[in-house]
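K.L.:
Below is run24.txt; it holds compact mmCIF, C-alpha atoms.
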# COMPACT_ATOMS: atom_id res chain seq x y z
CA MET G 6 81.61 47.60 62.68
CA VAL G 7 77.93 47.07 61.75
CA THR G 8 75.87 50.13 62.22
CA GLN G 9 72.39 50.04 63.70
CA GLU G 10 70.88 50.88 60.32
CA GLN G 11 72.69 47.98 58.62
CA ARG G 12 71.56 45.64 61.39
CA LYS G 13 67.94 46.63 60.80
CA ARG G 14 68.30 45.98 57.07
CA GLN G 15 69.87 42.58 57.72
CA LEU G 16 67.07 41.59 60.08
CA ALA G 17 64.45 42.73 57.58
CA ARG G 18 66.13 40.72 54.83
CA GLU G 19 66.28 37.59 57.00
CA LYS G 20 62.61 38.02 57.90
CA PHE G 21 61.72 38.31 54.21
CA LEU G 22 63.70 35.16 53.39
CA ARG G 23 61.98 33.22 56.20
CA GLN G 24 58.58 34.31 54.87
CA GLN G 25 59.53 33.20 51.38
CA GLU G 26 60.72 29.82 52.69
CA ARG G 27 57.45 29.33 54.59
CA ARG G 28 55.40 30.19 51.48
CA THR G 29 57.51 27.87 49.33
CA ALA G 30 57.09 25.05 51.88
CA ALA G 31 53.33 25.67 52.03
CA ARG G 32 53.05 25.51 48.23
CA ARG G 33 55.08 22.28 48.20
CA LYS G 34 52.80 20.68 50.79
CA ALA G 35 49.72 21.75 48.83
CA ARG G 36 51.12 20.22 45.65
CA MET G 37 51.88 16.98 47.45
CA ARG G 38 48.41 16.88 49.01
CA ASN G 39 46.72 17.48 45.63
CA SER G 40 48.89 14.84 44.05
CA VAL G 41 47.85 12.29 46.68
CA ILE G 42 44.16 13.16 46.23
CA ALA G 43 44.45 12.84 42.47
CA SER G 44 46.15 9.47 42.85
CA VAL G 45 43.42 8.19 45.16
CA LEU G 46 40.70 9.38 42.80
CA GLY G 47 42.51 7.75 39.93
CA VAL G 48 42.60 4.43 41.76
CA ILE G 49 38.89 4.68 42.57
CA LEU G 50 38.03 5.54 38.97
CA VAL G 51 40.15 2.75 37.53
CA GLY G 52 38.71 0.32 40.05
CA SER G 53 35.18 1.32 39.17
CA LEU G 54 35.86 0.88 35.47
CA ALA G 55 37.37 -2.50 36.16
CA LEU G 56 34.29 -3.55 38.13
CA TYR G 57 32.00 -2.35 35.32
CA THR G 58 33.89 -4.10 32.55
CA THR G 59 34.40 -7.35 34.42
CA GLY G 60 30.70 -7.73 35.14
CA VAL G 61 30.48 -7.05 38.86
CA LEU G 62 27.98 -4.28 38.03
CA LYS G 63 26.26 -6.48 35.44
CA ASP G 64 22.77 -6.20 36.98
CA ASP G 65 22.79 -2.42 36.89
CA ASP G 66 24.14 -2.48 33.36
CA LYS G 67 21.35 -4.80 32.28
CA THR G 68 18.76 -2.53 33.81
CA ASN G 69 20.07 0.47 31.90
CA ALA G 70 20.32 -1.44 28.64
CA SER G 71 16.81 -2.79 29.05
CA SER G 72 15.31 0.63 29.59
CA GLU G 73 16.96 1.91 26.42
CA THR G 74 16.32 -0.97 24.06
CA THR G 75 12.91 -2.05 25.30
CA PRO G 76 10.94 1.05 26.27
CA SER G 77 7.73 -1.00 26.37
CA ALA G 78 9.15 -2.86 29.37
CA ALA G 79 8.86 0.26 31.52
CA PRO G 80 6.25 -0.01 34.27
CA THR G 81 2.79 1.03 33.13
CA THR G 82 -0.50 1.55 34.88
CA LYS G 83 -3.10 -0.92 33.71
CA ALA G 84 -6.34 0.75 32.70
CA PRO G 85 -9.56 -0.37 34.36
CA ASP G 86 -11.40 -3.15 32.54
CA PRO G 87 -14.30 -1.42 30.70
CA CYS G 88 -16.13 -4.67 29.98
CA GLU G 89 -18.61 -6.91 31.79
CA LYS G 90 -18.18 -10.48 32.97
CA PRO G 91 -18.74 -13.12 30.25
CA ALA G 92 -22.06 -14.91 30.05
CA ALA G 93 -22.19 -18.46 31.37
CA GLY G 94 -21.29 -21.11 28.81
CA LYS G 95 -18.48 -23.12 27.29
CA VAL G 96 -16.57 -22.83 24.05
CA LYS G 97 -17.47 -25.52 21.54
CA THR G 98 -14.64 -27.64 20.20
CA ALA G 99 -16.21 -29.15 17.06
CA THR G 100 -14.22 -28.98 13.81
CA TRP G 101 -14.97 -29.95 10.22
CA LYS G 102 -12.80 -31.50 7.55
CA LYS G 103 -14.14 -29.55 4.59
CA GLU G 104 -15.39 -26.05 3.90
CA PRO G 105 -19.20 -26.04 3.90
CA ALA G 106 -20.91 -25.79 0.54
CA VAL G 107 -21.78 -22.23 -0.42
CA THR G 108 -25.51 -21.83 0.23
CA ILE G 109 -25.88 -18.10 0.91
CA ASP G 110 -27.68 -15.80 -1.48
CA LYS G 111 -24.90 -13.70 -2.97
CA SER G 112 -27.32 -10.96 -3.95
CA ALA G 113 -28.79 -10.60 -0.44
CA LYS G 114 -27.58 -8.46 2.44
CA TYR G 115 -26.08 -10.16 5.47
CA THR G 116 -25.17 -8.70 8.83
CA MET G 117 -23.34 -10.20 11.78
CA LYS G 118 -23.86 -9.20 15.39
CA LEU G 119 -21.10 -9.87 17.89
CA ALA G 120 -22.71 -9.56 21.30
CA THR G 121 -19.57 -9.06 23.37
CA THR G 122 -18.85 -8.36 27.01
CA CYS G 123 -17.86 -4.83 25.96
CA GLY G 124 -20.96 -4.09 23.89
CA ASP G 125 -22.55 -5.11 20.59
CA ILE G 126 -20.42 -4.89 17.46
CA ASP G 127 -22.55 -4.95 14.30
CA LEU G 128 -20.94 -5.85 10.99
CA ALA G 129 -22.25 -5.40 7.45
CA LEU G 130 -20.97 -8.39 5.42
CA LYS G 131 -19.93 -8.34 1.76
CA ALA G 132 -21.67 -11.45 0.48
CA SER G 133 -21.29 -10.74 -3.23
CA ALA G 134 -17.58 -9.85 -2.99
CA ALA G 135 -16.57 -12.57 -0.49
CA PRO G 136 -19.17 -15.35 -0.75
CA HIS G 137 -16.97 -18.18 0.60
CA THR G 138 -16.01 -16.10 3.63
CA VAL G 139 -19.52 -14.88 4.44
CA ASN G 140 -20.92 -18.38 3.87
CA SER G 141 -18.36 -19.84 6.29
CA PHE G 142 -19.24 -17.28 8.96
CA ASP G 143 -22.93 -17.95 8.47
CA PHE G 144 -22.25 -21.67 8.93
CA LEU G 145 -19.98 -21.30 11.98
CA ALA G 146 -22.21 -18.77 13.72
CA GLY G 147 -25.15 -21.13 13.21
CA LYS G 148 -23.17 -23.87 14.95
CA GLY G 149 -22.36 -21.59 17.92
CA PHE G 150 -18.67 -21.83 17.04
CA PHE G 151 -17.87 -18.24 18.10
CA ASP G 152 -19.98 -18.22 21.26
CA HIS G 153 -17.99 -17.70 24.51
CA THR G 154 -14.71 -17.27 22.62
CA LYS G 155 -12.22 -14.63 23.71
CA CYS G 156 -10.72 -12.02 21.40
CA HIS G 157 -7.12 -12.95 22.01
CA ARG G 158 -5.07 -10.18 20.40
CA LEU G 159 -4.98 -6.38 20.36
CA THR G 160 -2.24 -4.56 18.49
CA THR G 161 -1.44 -0.96 19.42
CA GLN G 162 1.68 -0.23 17.36
CA GLY G 163 2.16 -0.31 13.59
CA ILE G 164 -1.24 -1.86 12.94
CA TYR G 165 -4.35 -1.30 15.01
CA VAL G 166 -6.61 -4.32 15.14
CA LEU G 167 -8.58 -6.53 17.50
CA GLN G 168 -8.32 -10.19 16.52
CA CYS G 169 -10.99 -12.76 17.40
CA GLY G 170 -12.44 -16.06 16.20
CA ASP G 171 -10.12 -18.61 17.79
CA PRO G 172 -11.89 -21.05 20.13
CA THR G 173 -8.56 -21.96 21.76
CA GLY G 174 -7.69 -18.32 22.53
CA SER G 175 -4.09 -19.01 21.51
CA GLY G 176 -4.06 -17.66 17.97
CA SER G 177 -3.55 -21.11 16.46
CA GLY G 178 -7.10 -22.51 16.49
CA GLY G 179 -9.62 -22.81 13.70
CA PRO G 180 -12.60 -24.73 12.29
CA GLY G 181 -10.53 -27.54 10.77
CA TYR G 182 -10.82 -26.28 7.20
CA THR G 183 -9.57 -23.30 5.23
CA ILE G 184 -11.29 -20.98 2.78
CA PRO G 185 -9.93 -19.17 -0.29
CA ASP G 186 -8.78 -15.55 -0.25
CA GLU G 187 -11.35 -13.18 -1.75
CA ASN G 188 -11.92 -9.53 -2.54
CA LEU G 189 -8.25 -8.58 -2.29
CA LYS G 190 -8.80 -5.74 -4.77
CA ASP G 191 -11.61 -4.16 -2.77
CA LYS G 192 -11.92 -0.49 -3.64
CA SER G 193 -11.60 0.43 0.06
CA LEU G 194 -7.98 -0.80 0.11
CA LYS G 195 -5.82 2.04 -1.14
CA ASN G 196 -2.04 2.38 -0.83
CA ASN G 197 -1.89 -0.81 1.26
CA ILE G 198 -4.10 0.74 3.93
CA TYR G 199 -6.89 -1.21 5.63
CA PRO G 200 -9.09 1.67 6.78
CA ALA G 201 -10.67 1.88 10.21
CA GLY G 202 -13.89 -0.12 10.31
CA THR G 203 -12.65 -2.92 8.05
CA VAL G 204 -13.36 -6.55 8.97
CA ALA G 205 -10.85 -8.95 7.41
CA MET G 206 -9.67 -12.52 7.64
CA ALA G 207 -6.48 -13.49 9.45
CA ASN G 208 -4.25 -16.10 7.84
CA THR G 209 -0.90 -17.82 8.26
CA GLY G 210 0.87 -15.54 5.77
CA GLN G 211 0.27 -18.01 2.97
CA ALA G 212 -2.46 -17.79 0.34
CA HIS G 213 -5.85 -19.38 1.02
CA THR G 214 -5.19 -20.24 4.66
CA GLY G 215 -8.05 -18.35 6.28
CA GLY G 216 -10.15 -20.27 8.79
CA SER G 217 -12.25 -18.67 11.50
CA GLN G 218 -9.95 -15.97 12.85
CA PHE G 219 -10.71 -12.42 11.80
CA PHE G 220 -9.67 -8.92 12.79
CA LEU G 221 -11.47 -5.64 13.29
CA VAL G 222 -9.51 -2.51 12.32
CA TYR G 223 -10.07 0.35 14.80
CA GLN G 224 -7.55 2.75 13.18
CA ASP G 225 -6.15 2.94 9.65
CA SER G 226 -3.47 0.25 9.36
CA GLN G 227 -0.86 -0.36 6.70
CA LEU G 228 -0.96 -3.98 5.57
CA PRO G 229 -0.32 -5.80 2.30
CA PRO G 230 -3.59 -6.65 0.49
CA SER G 231 -3.39 -10.30 1.53
CA TYR G 232 -6.25 -10.46 4.02
CA THR G 233 -9.79 -10.92 2.74
CA PRO G 234 -11.87 -7.82 3.58
CA PHE G 235 -15.40 -9.14 4.04
CA GLY G 236 -17.27 -6.55 6.06
CA THR G 237 -17.43 -3.18 7.77
CA VAL G 238 -18.07 -2.19 11.38
CA SER G 239 -21.06 -0.01 12.24
CA ALA G 240 -20.60 3.40 13.89
CA SER G 241 -21.82 2.05 17.23
CA GLY G 242 -19.50 -0.93 16.85
CA MET G 243 -16.56 1.43 16.29
CA LYS G 244 -17.29 3.09 19.63
CA VAL G 245 -17.02 -0.31 21.30
CA LEU G 246 -13.73 -1.01 19.49
CA LYS G 247 -12.32 2.35 20.55
CA LYS G 248 -13.26 1.61 24.15
CA ILE G 249 -11.44 -1.72 23.98
CA ALA G 250 -8.39 -0.14 22.36
CA ALA G 251 -8.27 2.66 24.93
CA ALA G 252 -7.77 0.08 27.69
CA GLY G 253 -4.53 -1.02 26.01
CA ALA G 254 -2.84 -4.38 25.60
CA GLN G 255 -0.83 -6.68 27.81
CA PRO G 256 2.86 -7.49 27.19
CA ALA G 257 3.45 -10.22 24.62
CA ASP G 258 2.86 -13.73 25.91
CA PRO G 259 6.25 -15.51 25.83
CA THR G 260 4.68 -18.67 24.39
CA THR G 261 2.21 -17.37 21.81
CA GLN G 262 3.56 -13.80 21.34
CA ASN G 263 -0.04 -12.58 21.50
CA THR G 264 -0.65 -9.16 23.05
CA ALA G 265 -4.01 -9.76 24.70
CA PRO G 266 -6.29 -6.79 25.32
CA ASN G 267 -6.48 -5.52 28.89
CA ALA G 268 -10.24 -5.46 28.43
CA THR G 269 -11.99 -8.80 28.86
CA VAL G 270 -13.37 -9.14 25.33
CA VAL G 271 -15.51 -12.25 24.98
CA ILE G 272 -18.06 -12.93 22.27
CA ASN G 273 -21.08 -14.10 24.23
CA LYS G 274 -23.06 -14.75 21.04
CA ALA G 275 -22.44 -14.36 17.30
CA THR G 276 -25.41 -14.18 14.95
CA VAL G 277 -25.53 -13.83 11.15
CA THR G 278 -28.78 -12.49 9.71
CA LYS G 279 -29.97 -12.26 6.12
CA SER G 280 -32.08 -9.27 5.12
I need this file expressed as structure tokens, please.

P.N.:
Amino acid sequence: MVTQEQRKRQLAREKFLRQQERRTAARRKARMRNSVIASVLGVILVGSLALYTTGVLKDDDKTNASSETTPSAAPTTKAPDPCEKPAAGKVKTATWKKEPAVTIDKSAKYTMKLATTCGDIDLALKASAAPHTVNSFDFLAGKGFFDHTKCHRLTTQGIYVLQCGDPTGSGSGGPGYTIPDENLKDKSLKNNIYPAGTVAMANTGQAHTGGSQFFLVYQDSQLPPSYTPFGTVSASGMKVLKKIAAAGAQPADPTTQNTAPNATVVINKATVTKS
């Protein structure tokens, strides 16, 4: 016969077993629920990877790649144009078959004034060191060749120059003739650096292919000594160049690859003077 004390112990044991069973069942349900959640997340993750790799998210991928590989493509705020409107007039289209005969006085001093929409840029020319170049500029300026032409290129990375002298504004125009390279061992060119304030001829990359295009260096620039240095920019002219440079450049033109200045830089009048 079961005593009352034994019955109490039996009931307590049964209660303990029921509690254990409920806890075990609860843990089992929790494991199953977590397993289901993990499976669902796995499907979502795999599906997302599949979408990414098969190109469904191609547009987003392109956007990310573009921002990493082409930081210059990021949106920028265009600086205000610091220059005035160009003077009335048209670019002249005359060209010549041969370089003009050298008629300048190599022992004299020559200066060139570029009256631009952004301010006057005065240049001291090196007639004795680069007589063909200075003579050509004297000839072209006298013909009004540079008048109303736009400075078509501003570089702001690697080299720091403003390029002008092309009547077409495309970077491919010229006077119809070429002049020889000169003064490539100028004492100002050290360690392949064209110092700020240098005025030099542009060319095609080949020897003796200079025409009418020239560049003004507004910050020391590393270049091979292949571009005729034929003048220097005055202090006041450097202030104008800095103002133009501070306005920045536009993205490269897809056709010409020129990076035009944001400033409207037009040479209203170019004048060469002997003194």

K.L.:
Would you mind listing what lies within 6 Å of stretch 175-186 of chain G as a list in words, with only C-alpha atoms counted and same-chain residues fewer than 3 positions away left out?

P.N.:
Thr100, Trp101, Lys102, Lys103, Glu104, Asp171, His213, Thr214, Gly215, Gly216, Ser217 and Thr233 of chain G

K.L.:
Under the rule that all atoms listed in the file are counted, which of G:Pro87, G:Gly163, G:Gly253, G:Gly170 is the nearest residue to G:Phe220?

P.N.:
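Closest candidate: G:Gly170.
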
K.L.:
Please, what is the axis-aligned box for every listed atom of stretch 225-228 of chain G with 3 Å on each side, as centre and edge lengths in Å to one decimal, as JSON?

P.N.:
{"center_x": -3.5, "center_y": -0.5, "center_z": 7.6, "size_x": 11.3, "size_y": 12.9, "size_z": 10.1}

K.L.:
What does the distance from atom CA of G:Thr138 to atom CA of G:Gly242 come to in Å, to one decimal?

P.N.:
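Computing the Euclidean distance for atom CA of G:Thr138 and atom CA of G:Gly242 yields 20.4 Å.
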
K.L.:
Identify which of the residues G:Val166, G:Leu189, G:Ala84, G:Leu228 lies closest to G:Ala252, counting all atoms listed in the file when measuring atom-to-atom distances.

P.N.:
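The closest residue to G:Ala252 is G:Ala84.
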
K.L.:
Counting all atoms listed in the file, which of G:Leu246, G:Ala92, G:Ile272, G:Met117 gets nearest to G:Lys131?

P.N.:
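Of the candidates, the smallest distance to G:Lys131 is held by G:Met117.
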
K.L.:
Between G:Ala99, G:Val271, G:Ala265, G:Val139, which has the minimum distance to G:Lys111 (counting all atoms listed in the file)?

P.N.:
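Selected residue with least distance to G:Lys111: G:Val139.
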
K.L.:
For a test of reading the model, state the distance in Å between atom CA of G:Gln168 and atom CA of G:Met206, rounded to one decimal.

P.N.:
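So the two atoms, atom CA of G:Gln168 and atom CA of G:Met206, lie 9.3 Å apart.
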
K.L.:
Extract, using only C-alpha atoms, all DNA, RNA and protein residues at most 12 Å from G:Met243, discarding same-chain residues fewer than 5 positions from it, and format them as a CSV table (one decimal) with C-alpha atoms, in the frame of the given file.

P.N.:
chain,number,residue,atom,x,y,z
G,123,CYS,CA,-17.9,-4.8,26.0
G,124,GLY,CA,-21.0,-4.1,23.9
G,125,ASP,CA,-22.6,-5.1,20.6
G,126,ILE,CA,-20.4,-4.9,17.5
G,127,ASP,CA,-22.6,-5.0,14.3
G,128,LEU,CA,-20.9,-5.8,11.0
G,166,VAL,CA,-6.6,-4.3,15.1
G,167,LEU,CA,-8.6,-6.5,17.5
G,201,ALA,CA,-10.7,1.9,10.2
G,202,GLY,CA,-13.9,-0.1,10.3
G,203,THR,CA,-12.6,-2.9,8.0
G,204,VAL,CA,-13.4,-6.6,9.0
G,221,LEU,CA,-11.5,-5.6,13.3
G,222,VAL,CA,-9.5,-2.5,12.3
G,223,TYR,CA,-10.1,0.4,14.8
G,224,GLN,CA,-7.6,2.8,13.2
G,237,THR,CA,-17.4,-3.2,7.8
G,238,VAL,CA,-18.1,-2.2,11.4
G,248,LYS,CA,-13.3,1.6,24.2
G,249,ILE,CA,-11.4,-1.7,24.0
G,250,ALA,CA,-8.4,-0.1,22.4

K.L.:
One decimal, in Å: what's the spacing between atom CA of G:Asp152 and atom CA of G:Lys97?

P.N.:
7.7 Å

K.L.:
Within 12 Å of G:Phe151, counting only C-alpha atoms, which residues show up once you throw out same-chain ones fewer than 4 positions away? Write them as an MDAnalysis selection string, please.

P.N.:
chainID G and resid 94:99 117:121 141:147 155:156 169:174 178:180 217:219 271:277

K.L.:
Create the file for the chosen residues now, containing C-alpha atoms and written as a compact mmCIF listing (two decimals), keeping the file's coordinate frame.

P.N.:
# COMPACT_ATOMS: atom_id res chain seq x y z
CA GLY G 94 -21.29 -21.11 28.81
CA LYS G 95 -18.48 -23.12 27.29
CA VAL G 96 -16.57 -22.83 24.05
CA LYS G 97 -17.47 -25.52 21.54
CA THR G 98 -14.64 -27.64 20.20
CA ALA G 99 -16.21 -29.15 17.06
CA MET G 117 -23.34 -10.20 11.78
CA LYS G 118 -23.86 -9.20 15.39
CA LEU G 119 -21.10 -9.87 17.89
CA ALA G 120 -22.71 -9.56 21.30
CA THR G 121 -19.57 -9.06 23.37
CA SER G 141 -18.36 -19.84 6.29
CA PHE G 142 -19.24 -17.28 8.96
CA ASP G 143 -22.93 -17.95 8.47
CA PHE G 144 -22.25 -21.67 8.93
CA LEU G 145 -19.98 -21.30 11.98
CA ALA G 146 -22.21 -18.77 13.72
CA GLY G 147 -25.15 -21.13 13.21
CA LYS G 155 -12.22 -14.63 23.71
CA CYS G 156 -10.72 -12.02 21.40
CA CYS G 169 -10.99 -12.76 17.40
CA GLY G 170 -12.44 -16.06 16.20
CA ASP G 171 -10.12 -18.61 17.79
CA PRO G 172 -11.89 -21.05 20.13
CA THR G 173 -8.56 -21.96 21.76
CA GLY G 174 -7.69 -18.32 22.53
CA GLY G 178 -7.10 -22.51 16.49
CA GLY G 179 -9.62 -22.81 13.70
CA PRO G 180 -12.60 -24.73 12.29
CA SER G 217 -12.25 -18.67 11.50
CA GLN G 218 -9.95 -15.97 12.85
CA PHE G 219 -10.71 -12.42 11.80
CA VAL G 271 -15.51 -12.25 24.98
CA ILE G 272 -18.06 -12.93 22.27
CA ASN G 273 -21.08 -14.10 24.23
CA LYS G 274 -23.06 -14.75 21.04
CA ALA G 275 -22.44 -14.36 17.30
CA THR G 276 -25.41 -14.18 14.95
CA VAL G 277 -25.53 -13.83 11.15

K.L.:
For G:Ala132, which residue among G:Lys279, G:Thr261, G:Ser226, G:Tyr199 is the nearest when counting all atoms listed in the file?

P.N.:
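For G:Ala132, the nearest of the candidates is G:Lys279.
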
K.L.:
With all atoms listed in the file as the basis for distance, which of G:Ala268, G:Ala134, G:Ile198, G:Ala240 is at the shortest distance from G:Pro91?

P.N.:
G:Ala268

K.L.:
Please return stretch 159-185 of chain G, rebuilt to N, CA and C atoms, as a PDB file, in the frame of the given file.

P.N.:
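Everything below was put into part-v6.pdb:
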ATOM      1  N   LEU G 159      -4.786  -7.796  20.662  1.00  0.00           N
ATOM      2  CA  LEU G 159      -4.980  -6.380  20.360  1.00  0.00           C
ATOM      3  C   LEU G 159      -3.622  -5.791  20.036  1.00  0.00           C
ATOM      4  N   THR G 160      -3.505  -5.194  18.865  1.00  0.00           N
ATOM      5  CA  THR G 160      -2.240  -4.560  18.490  1.00  0.00           C
ATOM      6  C   THR G 160      -2.390  -3.045  18.603  1.00  0.00           C
ATOM      7  N   THR G 161      -1.386  -2.402  19.168  1.00  0.00           N
ATOM      8  CA  THR G 161      -1.440  -0.960  19.420  1.00  0.00           C
ATOM      9  C   THR G 161      -0.270  -0.205  18.817  1.00  0.00           C
ATOM     10  N   GLN G 162       0.549  -0.885  18.023  1.00  0.00           N
ATOM     11  CA  GLN G 162       1.680  -0.230  17.360  1.00  0.00           C
ATOM     12  C   GLN G 162       1.793  -0.771  15.937  1.00  0.00           C
ATOM     13  N   GLY G 163       1.979   0.116  14.980  1.00  0.00           N
ATOM     14  CA  GLY G 163       2.160  -0.310  13.590  1.00  0.00           C
ATOM     15  C   GLY G 163       0.830  -0.585  12.910  1.00  0.00           C
ATOM     16  N   ILE G 164       0.119  -1.584  13.402  1.00  0.00           N
ATOM     17  CA  ILE G 164      -1.240  -1.860  12.940  1.00  0.00           C
ATOM     18  C   ILE G 164      -2.148  -1.827  14.156  1.00  0.00           C
ATOM     19  N   TYR G 165      -3.432  -1.554  13.906  1.00  0.00           N
ATOM     20  CA  TYR G 165      -4.350  -1.300  15.010  1.00  0.00           C
ATOM     21  C   TYR G 165      -5.602  -2.156  14.834  1.00  0.00           C
ATOM     22  N   VAL G 166      -5.518  -3.374  15.361  1.00  0.00           N
ATOM     23  CA  VAL G 166      -6.610  -4.320  15.140  1.00  0.00           C
ATOM     24  C   VAL G 166      -6.915  -5.110  16.415  1.00  0.00           C
ATOM     25  N   LEU G 167      -8.155  -5.573  16.488  1.00  0.00           N
ATOM     26  CA  LEU G 167      -8.580  -6.530  17.500  1.00  0.00           C
ATOM     27  C   LEU G 167      -8.854  -7.832  16.771  1.00  0.00           C
ATOM     28  N   GLN G 168      -8.199  -8.903  17.210  1.00  0.00           N
ATOM     29  CA  GLN G 168      -8.320 -10.190  16.520  1.00  0.00           C
ATOM     30  C   GLN G 168      -9.129 -11.167  17.370  1.00  0.00           C
ATOM     31  N   CYS G 169     -10.061 -11.851  16.726  1.00  0.00           N
ATOM     32  CA  CYS G 169     -10.990 -12.760  17.400  1.00  0.00           C
ATOM     33  C   CYS G 169     -11.160 -14.031  16.545  1.00  0.00           C
ATOM     34  N   GLY G 170     -12.037 -14.910  17.014  1.00  0.00           N
ATOM     35  CA  GLY G 170     -12.440 -16.060  16.200  1.00  0.00           C
ATOM     36  C   GLY G 170     -11.690 -17.337  16.441  1.00  0.00           C
ATOM     37  N   ASP G 171     -10.867 -17.395  17.480  1.00  0.00           N
ATOM     38  CA  ASP G 171     -10.120 -18.610  17.790  1.00  0.00           C
ATOM     39  C   ASP G 171     -10.702 -19.246  19.049  1.00  0.00           C
ATOM     40  N   PRO G 172     -11.300 -20.426  18.941  1.00  0.00           N
ATOM     41  CA  PRO G 172     -11.890 -21.050  20.130  1.00  0.00           C
ATOM     42  C   PRO G 172     -10.865 -21.439  21.187  1.00  0.00           C
ATOM     43  N   THR G 173      -9.600 -21.585  20.792  1.00  0.00           N
ATOM     44  CA  THR G 173      -8.560 -21.960  21.760  1.00  0.00           C
ATOM     45  C   THR G 173      -8.008 -20.740  22.489  1.00  0.00           C
ATOM     46  N   GLY G 174      -8.213 -19.539  21.929  1.00  0.00           N
ATOM     47  CA  GLY G 174      -7.690 -18.320  22.530  1.00  0.00           C
ATOM     48  C   GLY G 174      -6.184 -18.179  22.420  1.00  0.00           C
ATOM     49  N   SER G 175      -5.552 -19.024  21.614  1.00  0.00           N
ATOM     50  CA  SER G 175      -4.090 -19.010  21.510  1.00  0.00           C
ATOM     51  C   SER G 175      -3.588 -18.352  20.236  1.00  0.00           C
ATOM     52  N   GLY G 176      -4.480 -18.188  19.267  1.00  0.00           N
ATOM     53  CA  GLY G 176      -4.060 -17.660  17.970  1.00  0.00           C
ATOM     54  C   GLY G 176      -3.740 -18.744  16.973  1.00  0.00           C
ATOM     55  N   SER G 177      -3.884 -19.999  17.372  1.00  0.00           N
ATOM     56  CA  SER G 177      -3.550 -21.110  16.460  1.00  0.00           C
ATOM     57  C   SER G 177      -4.752 -21.993  16.160  1.00  0.00           C
ATOM     58  N   GLY G 178      -5.927 -21.666  16.693  1.00  0.00           N
ATOM     59  CA  GLY G 178      -7.100 -22.510  16.490  1.00  0.00           C
ATOM     60  C   GLY G 178      -7.896 -22.141  15.260  1.00  0.00           C
ATOM     61  N   GLY G 179      -8.800 -23.050  14.878  1.00  0.00           N
ATOM     62  CA  GLY G 179      -9.620 -22.810  13.700  1.00  0.00           C
ATOM     63  C   GLY G 179     -10.716 -23.851  13.581  1.00  0.00           C
ATOM     64  N   PRO G 180     -11.457 -23.813  12.457  1.00  0.00           N
ATOM     65  CA  PRO G 180     -12.600 -24.730  12.290  1.00  0.00           C
ATOM     66  C   PRO G 180     -12.223 -26.089  11.719  1.00  0.00           C
ATOM     67  N   GLY G 181     -10.955 -26.266  11.360  1.00  0.00           N
ATOM     68  CA  GLY G 181     -10.530 -27.540  10.770  1.00  0.00           C
ATOM     69  C   GLY G 181     -10.414 -27.492   9.265  1.00  0.00           C
ATOM     70  N   TYR G 182     -10.918 -26.449   8.648  1.00  0.00           N
ATOM     71  CA  TYR G 182     -10.820 -26.280   7.200  1.00  0.00           C
ATOM     72  C   TYR G 182     -10.343 -24.867   6.896  1.00  0.00           C
ATOM     73  N   THR G 183      -9.977 -24.638   5.657  1.00  0.00           N
ATOM     74  CA  THR G 183      -9.570 -23.300   5.230  1.00  0.00           C
ATOM     75  C   THR G 183     -10.470 -22.857   4.077  1.00  0.00           C
ATOM     76  N   ILE G 184     -10.487 -21.553   3.848  1.00  0.00           N
ATOM     77  CA  ILE G 184     -11.290 -20.980   2.780  1.00  0.00           C
ATOM     78  C   ILE G 184     -10.386 -20.137   1.876  1.00  0.00           C
ATOM     79  N   PRO G 185     -10.789 -19.932   0.626  1.00  0.00           N
ATOM     80  CA  PRO G 185      -9.930 -19.170  -0.290  1.00  0.00           C
ATOM     81  C   PRO G 185      -9.932 -17.676   0.020  1.00  0.00           C
TER      82      PRO G 185
END
